[in-house]
Amino acid sequence: MRTFTICLITLLFVSGCTLAPSSRRVIEEDFIEEITPEQRSKVWQDISDIKSRIQDDYDNADLHRELAVLYRLAATPRSRLLSIESIEIAIMLEPENPRNHVEKGLTLIARRFLGEAEDAFDRATRIDPYYFEAWYQLGELEKYNYMKLMCFPKHLKKSIKYYKKAYKFNKRDEDTLFNLAFLHMFRSMFRTSRKFAYKTISVAPENPRNHLLLGSIFVHFKKFDEAEKSFTKAFSMMPDDDRMPYEDISLLHSADLKELYLTSSPDKKIEWIRKFWIEQDPTPSSEINERRLEHYRRVFIASETLTNKRLALEGEETDRGKAMIKFGLPAKKYYDLSGSLTGGWIIWEYHLAQQSFRLYFHDEFLSGNFHFPISDYYGTVSIDIMDNIPQGYEYPVRFKSLPLRAESAIFRGSYERTRLEFSIGFPTSVAETRGMKWNVVLTIFDSDWNKILLETASLDLDTLPRMDKLGSELFVFPFWVEVIPRYMSSTCVLEFINDEYKLKGTWRHSLEIRDLHGKSLKLSSIKLIVPESGGLCSDLHDPLPVYQRDEGLCFSYEIYNLSRGDDNLARYRVTYAIMRPEETESEASLRNTLAFMWSSIRGSKDEDAPYISSSLEQSTNISTSSDKLHIDLKVLENGNYLLLLVVEDLLNGQTVQEGKLFTVND
């Protein structure tokens, strides 16, 4: 049985990056540290030219050092060996030149001799304690040693120490500032991290990476508006290819939806992304989407810590990067370095709201890329988790969940609009916060997830009515809004928030904002209202439709566009029935129920009759009618029921119907 060592640190990032000569340093003004394969053909020509010059000036240490740089940039095993030979000659000719020792260290890193590389950099600092480049490269080396497993804080501390030395001698080097900001973030020293991030931007304001870093730091501070600005600025500077990983949401879906997303057209993907982030917004009432900002932060960190340039792997493309983007940081991390021939293992352990699990990564090809094992049980388990467990995210501002019940009803509004009536119920225990500000926020999205309404109201608890339900006392807040009708389903979100006490209740509901104007017969929603003693009904919209048998059921409704006869009277029939909801799950069952309701009017009998049914005819001299009814529930057992209401215009034969669920519970 393999024994794994546990690693518990503040930030659990794991790097798969391979140590290579620094990607941006300029040792000699004429030699950069990274070239493309296409440029290597020119390198060999330059090598030939330098060798010719050395024949005429062998004692010139600068020429040998330049040759060493070129051999290293050629990036072949043979050229790296020749690079060491050339730099040793340069050191022999100029042993006290720190540049020579730094170049030797870079070539040793390319050959994977890290200990000897550290000695070379250290030698350069002893020769010249003020030599910026040597301190910078020591910082790079310790950063790599830390990033391998993220389990050895001494490397992190030493890396920061060396970068600070480099910063002391060059306060405007962009990469030094960036690394100080980035690594302080790993030590949870976020204020220091932010200070260096600001300095990095002041030095290089046009580099999007610096703004991505600052945005990530702002997410930690929960300054989401500032994070939004930083990410937006970064994206405005980035080409589409660089921005694509930040916009890609395929990792956040299950396997079936991921495939559907990836095969969609570009336009459909854009619309899918827009709707996805609206659905995932933890605070739909605000313009800031905290979940999306957290996604940007995860992608950025995965890119910075897990990119493997030697293997041409971007951080977000690695298995660990994908796990980080979907689930965030692991709660625990285990590692087993194993033998040199079998490759190391890393395990990430997660404890999410829905469940706990582990992901397994193996460096089975000894390349430094820890990935889900191929054709291995642990790899199969890990891939199955990635495909099927929902994304992990917890809103960073910790609100205590508040029980919230709500009901809605739809009525005709003014000026061709529809009136949406809501009633919110919440425990009177919140009265302890009297004097504190409570806000109710209603947000409505149309079928395309466009925000069509945002309403905010402040509550005075002393003015709210109360009701008793299920042995508890509730405050009730009824309110209404008017909106333009919508022909497809909309989604409304109610948020009941107290910022001082960090209390929050949320209610989501789908509804169709029907048009109740026009000329044909229309029926409003059934609005359940709070019963009163003696078989009476109040006017209070009930947010919790649960009733005792002895109190009965109260409801109200409105009828629109009734036809009137020659006597200027409208005549209509109202029929209601109460039955179990499972009895009307199919359209056929609903048709049978309606058939029974009509047959019961004619006096026929049926063994499958509803538990309660009744019919009454009425007349009115206006085309709109409203009524309030009380139904005795004593014959019902405890359970869930459906109230079905049918209205028939007796003059033109038009019918309309509505249903409403409620519960009987003693």
# chains A, B, ... in the order shown; residues from 1 in each chain; ligands from 1
>>> select_by_dssp(residues="range 208-449 of chain A", states="strand (DSSP E)", output="MDAnalysis selection string")
chainID A and resid 332:336 345:351 356:362 400:401 405:412 418:427 438:445
>>> residues_around(residues="range 121-128 of chain A", least_positions_apart="3", cutoff="7 Å", atoms="only C-alpha atoms", output="ChimeraX atom specification")
/A:96,98,101-102,105,117-118,131,134-135,137-138
>>> residues_around(residues="Arg419 in chain A", least_positions_apart="3", cutoff="9 Å", atoms="only C-alpha atoms", output="list in words")
Ala409, Ile410, Phe411, Arg412, Gly413, Ser414, Trp480, Val481, Glu482, Val483, Ile484 and Ile513 of chain A
>>> select_by_dssp(residues="range 59-253 of chain A", states="helix (DSSP H, G or I)", output="PyMOL selection string")
chain A and resi 61-74+77-93+98-110+114-127+132-147+153-169+174-186+190-203+208-220+224-237+240-247+250-252
>>> write_last_selection(atoms="C-alpha atoms", output="compact mmCIF listing (two decimals), in the first residue's frame")
# COMPACT_ATOMS: atom_id res chain seq x y z
CA ALA A 61 35.37 36.33 -22.39
CA ASP A 62 32.34 38.17 -23.74
CA LEU A 63 32.50 36.17 -26.99
CA HIS A 64 32.60 32.86 -25.10
CA ARG A 65 29.66 33.93 -22.99
CA GLU A 66 27.69 34.93 -26.08
CA LEU A 67 28.50 31.56 -27.63
CA ALA A 68 27.27 29.84 -24.45
CA VAL A 69 23.99 31.76 -24.69
CA LEU A 70 23.52 30.75 -28.32
CA TYR A 71 24.25 27.10 -27.61
CA ARG A 72 21.70 27.16 -24.82
CA LEU A 73 19.07 28.77 -27.05
CA ALA A 74 19.64 26.03 -29.65
CA PRO A 77 21.29 18.05 -25.42
CA ARG A 78 24.53 18.42 -27.36
CA SER A 79 24.27 22.24 -27.61
CA ARG A 80 23.61 22.52 -23.85
CA LEU A 81 26.77 20.53 -23.13
CA LEU A 82 28.70 22.82 -25.47
CA SER A 83 27.11 25.80 -23.68
CA ILE A 84 28.63 24.64 -20.40
CA GLU A 85 32.04 24.24 -22.03
CA SER A 86 31.86 27.76 -23.50
CA ILE A 87 30.75 29.43 -20.28
CA GLU A 88 33.47 27.63 -18.32
CA ILE A 89 36.02 29.20 -20.65
CA ALA A 90 34.41 32.62 -20.08
CA ILE A 91 34.61 32.08 -16.32
CA MET A 92 38.24 31.02 -16.59
CA LEU A 93 39.00 34.22 -18.48
CA PRO A 98 28.83 37.80 -12.24
CA ARG A 99 27.25 37.67 -15.70
CA ASN A 100 29.26 34.57 -16.53
CA HIS A 101 28.06 32.73 -13.42
CA VAL A 102 24.42 33.68 -14.06
CA GLU A 103 24.71 32.34 -17.61
CA LYS A 104 26.25 29.15 -16.26
CA GLY A 105 23.32 28.78 -13.86
CA LEU A 106 20.78 29.21 -16.64
CA THR A 107 22.47 26.53 -18.75
CA LEU A 108 22.61 24.16 -15.74
CA ILE A 109 18.88 24.69 -15.25
CA ALA A 110 18.30 23.79 -18.88
CA LEU A 114 19.26 22.58 -10.18
CA GLY A 115 21.61 22.33 -7.21
CA GLU A 116 24.62 23.31 -9.29
CA ALA A 117 22.59 26.14 -10.86
CA GLU A 118 21.83 27.51 -7.40
CA ASP A 119 25.56 27.44 -6.58
CA ALA A 120 26.29 29.42 -9.75
CA PHE A 121 23.72 32.10 -8.95
CA ASP A 122 24.92 32.25 -5.37
CA ARG A 123 28.48 32.68 -6.60
CA ALA A 124 27.35 35.66 -8.69
CA THR A 125 25.81 37.33 -5.60
CA ARG A 126 29.03 36.86 -3.63
CA ILE A 127 31.03 38.44 -6.42
CA PHE A 132 20.10 42.30 -9.66
CA GLU A 133 20.04 39.42 -12.18
CA ALA A 134 21.61 36.90 -9.81
CA TRP A 135 19.06 37.60 -7.05
CA TYR A 136 16.24 37.42 -9.56
CA GLN A 137 17.34 34.01 -10.82
CA LEU A 138 17.67 32.69 -7.28
CA GLY A 139 14.09 33.81 -6.73
CA GLU A 140 13.02 32.00 -9.91
CA LEU A 141 14.76 28.80 -8.80
CA GLU A 142 13.15 28.79 -5.35
CA LYS A 143 9.79 29.61 -6.88
CA TYR A 144 10.11 26.50 -9.04
CA ASN A 145 11.13 24.38 -6.06
CA TYR A 146 8.03 25.57 -4.23
CA MET A 147 5.66 25.16 -7.15
CA PRO A 153 6.95 26.75 2.57
CA LYS A 154 10.66 27.29 3.07
CA HIS A 155 11.06 27.50 -0.71
CA LEU A 156 8.24 30.04 -0.90
CA LYS A 157 9.82 32.17 1.81
CA LYS A 158 13.25 31.98 0.21
CA SER A 159 11.81 32.86 -3.18
CA ILE A 160 10.17 35.98 -1.79
CA LYS A 161 13.39 36.82 0.06
CA TYR A 162 15.45 36.67 -3.15
CA TYR A 163 12.88 38.62 -5.18
CA LYS A 164 12.94 41.30 -2.50
CA LYS A 165 16.72 41.46 -2.87
CA ALA A 166 16.30 41.89 -6.60
CA TYR A 167 13.62 44.55 -6.03
CA LYS A 168 16.02 46.43 -3.77
CA PHE A 169 18.41 46.89 -6.69
CA GLU A 174 8.03 44.22 -14.01
CA ASP A 175 8.57 40.49 -13.46
CA THR A 176 10.11 41.00 -10.03
CA LEU A 177 7.13 43.07 -8.96
CA PHE A 178 4.69 40.57 -10.45
CA ASN A 179 6.30 37.63 -8.66
CA LEU A 180 6.34 39.48 -5.34
CA ALA A 181 2.62 40.18 -5.74
CA PHE A 182 1.81 36.65 -6.89
CA LEU A 183 3.85 34.81 -4.24
CA HIS A 184 2.65 36.98 -1.37
CA MET A 185 -0.83 35.88 -2.44
CA PHE A 186 0.29 32.30 -1.77
CA PHE A 190 -3.00 39.85 0.46
CA ARG A 191 -2.40 43.45 1.46
CA THR A 192 1.29 43.15 0.58
CA SER A 193 0.30 41.31 -2.58
CA ARG A 194 -2.02 44.14 -3.58
CA LYS A 195 0.70 46.73 -2.92
CA PHE A 196 3.09 45.03 -5.34
CA ALA A 197 0.31 44.45 -7.88
CA TYR A 198 -0.34 48.20 -7.97
CA LYS A 199 3.39 48.81 -8.49
CA THR A 200 3.49 46.23 -11.28
CA ILE A 201 0.67 48.02 -13.09
CA SER A 202 2.36 51.39 -12.64
CA VAL A 203 5.46 49.98 -14.37
CA PRO A 208 -3.07 42.36 -19.20
CA ARG A 209 -1.46 39.78 -16.89
CA ASN A 210 -0.91 42.48 -14.28
CA HIS A 211 -4.57 43.49 -14.30
CA LEU A 212 -5.65 39.84 -14.08
CA LEU A 213 -3.52 39.52 -10.96
CA LEU A 214 -5.01 42.62 -9.36
CA GLY A 215 -8.52 41.43 -10.22
CA SER A 216 -7.81 38.09 -8.54
CA ILE A 217 -6.62 39.88 -5.40
CA PHE A 218 -9.76 42.05 -5.36
CA VAL A 219 -11.89 38.89 -5.48
CA HIS A 220 -10.22 37.78 -2.24
CA PHE A 224 -16.17 42.66 -6.64
CA ASP A 225 -16.78 45.98 -8.39
CA GLU A 226 -13.01 46.66 -8.45
CA ALA A 227 -12.33 43.09 -9.57
CA GLU A 228 -14.81 43.54 -12.41
CA LYS A 229 -12.98 46.68 -13.56
CA SER A 230 -9.58 44.97 -13.45
CA PHE A 231 -10.69 41.90 -15.39
CA THR A 232 -12.55 44.03 -17.94
CA LYS A 233 -9.44 46.15 -18.50
CA ALA A 234 -7.28 43.05 -18.90
CA PHE A 235 -9.66 41.47 -21.42
CA SER A 236 -9.77 44.66 -23.47
CA MET A 237 -6.01 44.30 -24.03
CA ASP A 240 -9.29 36.60 -28.65
CA ASP A 241 -7.15 33.46 -28.37
CA ASP A 242 -5.76 34.55 -24.99
CA ARG A 243 -9.16 35.49 -23.67
CA MET A 244 -10.86 32.28 -24.82
CA PRO A 245 -9.97 30.19 -21.72
CA TYR A 246 -11.63 32.80 -19.51
CA GLU A 247 -14.85 32.70 -21.52
CA SER A 250 -17.36 23.77 -20.84
CA LEU A 251 -15.53 22.61 -17.68
CA LEU A 252 -18.41 23.80 -15.51
>>> residues_around(residues="Ser490 in chain A", least_positions_apart="3", cutoff="9 Å", atoms="only C-alpha atoms", output="ChimeraX atom specification")
/A:444-449,486-487,509-513
>>> residues_around(residues="Leu521 in chain A", least_positions_apart="4", cutoff="9 Å", atoms="only C-alpha atoms", output="list in words")
Leu516, Ile559, Tyr560, Asn561, Leu562, Ser563, Val647, Glu648, Asp649, Gln654, Thr655 and Val656 of chain A
>>> closest_residue(among="A:Lys222, A:Lys148, A:Arg571, A:His371", to="Leu337 in chain A", atoms="only C-alpha atoms")
A:Lys148
>>> atom_distance(atom1="CA of Gln657 in chain A", atom2="CA of Phe422 in chain A")
20.9 Å
>>> closest_residue(among="A:Gly315, A:Gly471, A:Pro478, A:Pro330", to="Ala457 in chain A", atoms="only C-alpha atoms")
A:Pro478
>>> residues_around(residues="Gly321 in chain A", least_positions_apart="2", cutoff="9 Å", atoms="only C-alpha atoms", output="count of residues only")
18
>>> decode(residues="range 159-205 of chain A", atoms="N, CA and C atoms", output="PDB file, in the first residue's frame")
ATOM      1  N   SER A 159      12.067  32.225  -1.898  1.00  0.00           N
ATOM      2  CA  SER A 159      11.809  32.864  -3.184  1.00  0.00           C
ATOM      3  C   SER A 159      11.450  34.326  -2.988  1.00  0.00           C
ATOM      4  N   ILE A 160      10.556  34.600  -2.060  1.00  0.00           N
ATOM      5  CA  ILE A 160      10.171  35.984  -1.788  1.00  0.00           C
ATOM      6  C   ILE A 160      11.376  36.788  -1.293  1.00  0.00           C
ATOM      7  N   LYS A 161      12.192  36.145  -0.451  1.00  0.00           N
ATOM      8  CA  LYS A 161      13.391  36.820   0.064  1.00  0.00           C
ATOM      9  C   LYS A 161      14.308  37.249  -1.082  1.00  0.00           C
ATOM     10  N   TYR A 162      14.548  36.357  -2.044  1.00  0.00           N
ATOM     11  CA  TYR A 162      15.446  36.672  -3.153  1.00  0.00           C
ATOM     12  C   TYR A 162      14.830  37.715  -4.084  1.00  0.00           C
ATOM     13  N   TYR A 163      13.528  37.609  -4.339  1.00  0.00           N
ATOM     14  CA  TYR A 163      12.884  38.620  -5.176  1.00  0.00           C
ATOM     15  C   TYR A 163      12.947  39.998  -4.512  1.00  0.00           C
ATOM     16  N   LYS A 164      12.837  40.017  -3.197  1.00  0.00           N
ATOM     17  CA  LYS A 164      12.945  41.300  -2.495  1.00  0.00           C
ATOM     18  C   LYS A 164      14.347  41.877  -2.640  1.00  0.00           C
ATOM     19  N   LYS A 165      15.351  40.992  -2.629  1.00  0.00           N
ATOM     20  CA  LYS A 165      16.724  41.456  -2.867  1.00  0.00           C
ATOM     21  C   LYS A 165      16.831  42.069  -4.261  1.00  0.00           C
ATOM     22  N   ALA A 166      16.264  41.369  -5.238  1.00  0.00           N
ATOM     23  CA  ALA A 166      16.299  41.890  -6.604  1.00  0.00           C
ATOM     24  C   ALA A 166      15.568  43.218  -6.695  1.00  0.00           C
ATOM     25  N   TYR A 167      14.417  43.311  -6.027  1.00  0.00           N
ATOM     26  CA  TYR A 167      13.622  44.545  -6.027  1.00  0.00           C
ATOM     27  C   TYR A 167      14.402  45.704  -5.407  1.00  0.00           C
ATOM     28  N   LYS A 168      15.228  45.397  -4.429  1.00  0.00           N
ATOM     29  CA  LYS A 168      16.024  46.432  -3.766  1.00  0.00           C
ATOM     30  C   LYS A 168      16.962  47.111  -4.753  1.00  0.00           C
ATOM     31  N   PHE A 169      17.434  46.349  -5.743  1.00  0.00           N
ATOM     32  CA  PHE A 169      18.409  46.893  -6.691  1.00  0.00           C
ATOM     33  C   PHE A 169      17.783  47.321  -8.010  1.00  0.00           C
ATOM     34  N   ASN A 170      16.516  46.965  -8.206  1.00  0.00           N
ATOM     35  CA  ASN A 170      15.803  47.424  -9.402  1.00  0.00           C
ATOM     36  C   ASN A 170      14.315  47.474  -9.045  1.00  0.00           C
ATOM     37  N   LYS A 171      13.835  48.649  -8.700  1.00  0.00           N
ATOM     38  CA  LYS A 171      12.465  48.783  -8.223  1.00  0.00           C
ATOM     39  C   LYS A 171      11.440  48.892  -9.344  1.00  0.00           C
ATOM     40  N   ARG A 172      11.889  48.825 -10.581  1.00  0.00           N
ATOM     41  CA  ARG A 172      10.954  48.961 -11.692  1.00  0.00           C
ATOM     42  C   ARG A 172      10.997  47.769 -12.650  1.00  0.00           C
ATOM     43  N   ASP A 173      11.503  46.649 -12.158  1.00  0.00           N
ATOM     44  CA  ASP A 173      11.485  45.450 -12.994  1.00  0.00           C
ATOM     45  C   ASP A 173      10.102  44.800 -12.886  1.00  0.00           C
ATOM     46  N   GLU A 174       9.421  44.687 -14.005  1.00  0.00           N
ATOM     47  CA  GLU A 174       8.029  44.220 -14.007  1.00  0.00           C
ATOM     48  C   GLU A 174       7.875  42.812 -13.444  1.00  0.00           C
ATOM     49  N   ASP A 175       8.729  41.875 -13.888  1.00  0.00           N
ATOM     50  CA  ASP A 175       8.572  40.492 -13.460  1.00  0.00           C
ATOM     51  C   ASP A 175       8.877  40.314 -11.978  1.00  0.00           C
ATOM     52  N   THR A 176       9.825  41.062 -11.469  1.00  0.00           N
ATOM     53  CA  THR A 176      10.108  40.998 -10.034  1.00  0.00           C
ATOM     54  C   THR A 176       8.892  41.456  -9.240  1.00  0.00           C
ATOM     55  N   LEU A 177       8.316  42.563  -9.652  1.00  0.00           N
ATOM     56  CA  LEU A 177       7.134  43.072  -8.963  1.00  0.00           C
ATOM     57  C   LEU A 177       5.972  42.084  -9.069  1.00  0.00           C
ATOM     58  N   PHE A 178       5.785  41.525 -10.259  1.00  0.00           N
ATOM     59  CA  PHE A 178       4.688  40.570 -10.445  1.00  0.00           C
ATOM     60  C   PHE A 178       4.860  39.360  -9.531  1.00  0.00           C
ATOM     61  N   ASN A 179       6.066  38.805  -9.492  1.00  0.00           N
ATOM     62  CA  ASN A 179       6.300  37.630  -8.659  1.00  0.00           C
ATOM     63  C   ASN A 179       6.130  37.936  -7.178  1.00  0.00           C
ATOM     64  N   LEU A 180       6.552  39.109  -6.747  1.00  0.00           N
ATOM     65  CA  LEU A 180       6.345  39.476  -5.345  1.00  0.00           C
ATOM     66  C   LEU A 180       4.858  39.559  -5.028  1.00  0.00           C
ATOM     67  N   ALA A 181       4.076  40.115  -5.954  1.00  0.00           N
ATOM     68  CA  ALA A 181       2.621  40.179  -5.739  1.00  0.00           C
ATOM     69  C   ALA A 181       2.005  38.786  -5.757  1.00  0.00           C
ATOM     70  N   PHE A 182       2.399  37.980  -6.721  1.00  0.00           N
ATOM     71  CA  PHE A 182       1.811  36.652  -6.893  1.00  0.00           C
ATOM     72  C   PHE A 182       2.161  35.724  -5.728  1.00  0.00           C
ATOM     73  N   LEU A 183       3.428  35.726  -5.294  1.00  0.00           N
ATOM     74  CA  LEU A 183       3.853  34.805  -4.237  1.00  0.00           C
ATOM     75  C   LEU A 183       3.361  35.242  -2.863  1.00  0.00           C
ATOM     76  N   HIS A 184       3.245  36.545  -2.634  1.00  0.00           N
ATOM     77  CA  HIS A 184       2.648  36.981  -1.367  1.00  0.00           C
ATOM     78  C   HIS A 184       1.189  36.526  -1.278  1.00  0.00           C
ATOM     79  N   MET A 185       0.535  36.410  -2.437  1.00  0.00           N
ATOM     80  CA  MET A 185      -0.826  35.884  -2.436  1.00  0.00           C
ATOM     81  C   MET A 185      -0.842  34.446  -1.927  1.00  0.00           C
ATOM     82  N   PHE A 186       0.195  33.677  -2.244  1.00  0.00           N
ATOM     83  CA  PHE A 186       0.287  32.304  -1.771  1.00  0.00           C
ATOM     84  C   PHE A 186       0.484  32.244  -0.260  1.00  0.00           C
ATOM     85  N   ARG A 187       1.104  33.245   0.292  1.00  0.00           N
ATOM     86  CA  ARG A 187       1.319  33.268   1.740  1.00  0.00           C
ATOM     87  C   ARG A 187       0.155  33.918   2.483  1.00  0.00           C
ATOM     88  N   SER A 188      -0.933  34.169   1.741  1.00  0.00           N
ATOM     89  CA  SER A 188      -2.115  34.827   2.315  1.00  0.00           C
ATOM     90  C   SER A 188      -1.790  36.214   2.848  1.00  0.00           C
ATOM     91  N   MET A 189      -0.761  36.825   2.306  1.00  0.00           N
ATOM     92  CA  MET A 189      -0.411  38.204   2.662  1.00  0.00           C
ATOM     93  C   MET A 189      -0.976  39.112   1.567  1.00  0.00           C
ATOM     94  N   PHE A 190      -2.307  39.232   1.594  1.00  0.00           N
ATOM     95  CA  PHE A 190      -2.999  39.845   0.464  1.00  0.00           C
ATOM     96  C   PHE A 190      -2.794  41.361   0.394  1.00  0.00           C
ATOM     97  N   ARG A 191      -2.623  41.999   1.510  1.00  0.00           N
ATOM     98  CA  ARG A 191      -2.396  43.450   1.462  1.00  0.00           C
ATOM     99  C   ARG A 191      -1.041  43.758   0.821  1.00  0.00           C
ATOM    100  N   THR A 192      -0.015  42.983   1.206  1.00  0.00           N
ATOM    101  CA  THR A 192       1.293  43.152   0.582  1.00  0.00           C
ATOM    102  C   THR A 192       1.219  42.793  -0.893  1.00  0.00           C
ATOM    103  N   SER A 193       0.479  41.720  -1.182  1.00  0.00           N
ATOM    104  CA  SER A 193       0.302  41.311  -2.576  1.00  0.00           C
ATOM    105  C   SER A 193      -0.324  42.431  -3.394  1.00  0.00           C
ATOM    106  N   ARG A 194      -1.350  43.054  -2.856  1.00  0.00           N
ATOM    107  CA  ARG A 194      -2.016  44.142  -3.576  1.00  0.00           C
ATOM    108  C   ARG A 194      -1.070  45.323  -3.790  1.00  0.00           C
ATOM    109  N   LYS A 195      -0.242  45.613  -2.789  1.00  0.00           N
ATOM    110  CA  LYS A 195       0.704  46.730  -2.917  1.00  0.00           C
ATOM    111  C   LYS A 195       1.642  46.510  -4.102  1.00  0.00           C
ATOM    112  N   PHE A 196       2.178  45.309  -4.223  1.00  0.00           N
ATOM    113  CA  PHE A 196       3.092  45.027  -5.337  1.00  0.00           C
ATOM    114  C   PHE A 196       2.348  44.938  -6.666  1.00  0.00           C
ATOM    115  N   ALA A 197       1.097  44.491  -6.627  1.00  0.00           N
ATOM    116  CA  ALA A 197       0.312  44.448  -7.876  1.00  0.00           C
ATOM    117  C   ALA A 197       0.101  45.856  -8.421  1.00  0.00           C
ATOM    118  N   TYR A 198      -0.194  46.804  -7.537  1.00  0.00           N
ATOM    119  CA  TYR A 198      -0.339  48.196  -7.973  1.00  0.00           C
ATOM    120  C   TYR A 198       0.973  48.705  -8.592  1.00  0.00           C
ATOM    121  N   LYS A 199       2.098  48.363  -7.969  1.00  0.00           N
ATOM    122  CA  LYS A 199       3.389  48.810  -8.494  1.00  0.00           C
ATOM    123  C   LYS A 199       3.670  48.173  -9.855  1.00  0.00           C
ATOM    124  N   THR A 200       3.278  46.906  -9.997  1.00  0.00           N
ATOM    125  CA  THR A 200       3.485  46.232 -11.283  1.00  0.00           C
ATOM    126  C   THR A 200       2.730  46.944 -12.391  1.00  0.00           C
ATOM    127  N   ILE A 201       1.484  47.328 -12.093  1.00  0.00           N
ATOM    128  CA  ILE A 201       0.668  48.025 -13.091  1.00  0.00           C
ATOM    129  C   ILE A 201       1.235  49.401 -13.402  1.00  0.00           C
ATOM    130  N   SER A 202       1.786  50.072 -12.384  1.00  0.00           N
ATOM    131  CA  SER A 202       2.364  51.393 -12.638  1.00  0.00           C
ATOM    132  C   SER A 202       3.558  51.306 -13.571  1.00  0.00           C
ATOM    133  N   VAL A 203       4.298  50.175 -13.514  1.00  0.00           N
ATOM    134  CA  VAL A 203       5.460  49.979 -14.374  1.00  0.00           C
ATOM    135  C   VAL A 203       5.035  49.520 -15.766  1.00  0.00           C
ATOM    136  N   ALA A 204       4.042  48.631 -15.828  1.00  0.00           N
ATOM    137  CA  ALA A 204       3.619  48.061 -17.122  1.00  0.00           C
ATOM    138  C   ALA A 204       2.101  48.044 -17.200  1.00  0.00           C
ATOM    139  N   PRO A 205       1.471  49.196 -17.399  1.00  0.00           N
ATOM    140  CA  PRO A 205       0.005  49.261 -17.408  1.00  0.00           C
ATOM    141  C   PRO A 205      -0.632  48.580 -18.612  1.00  0.00           C
TER     142      PRO A 205
END
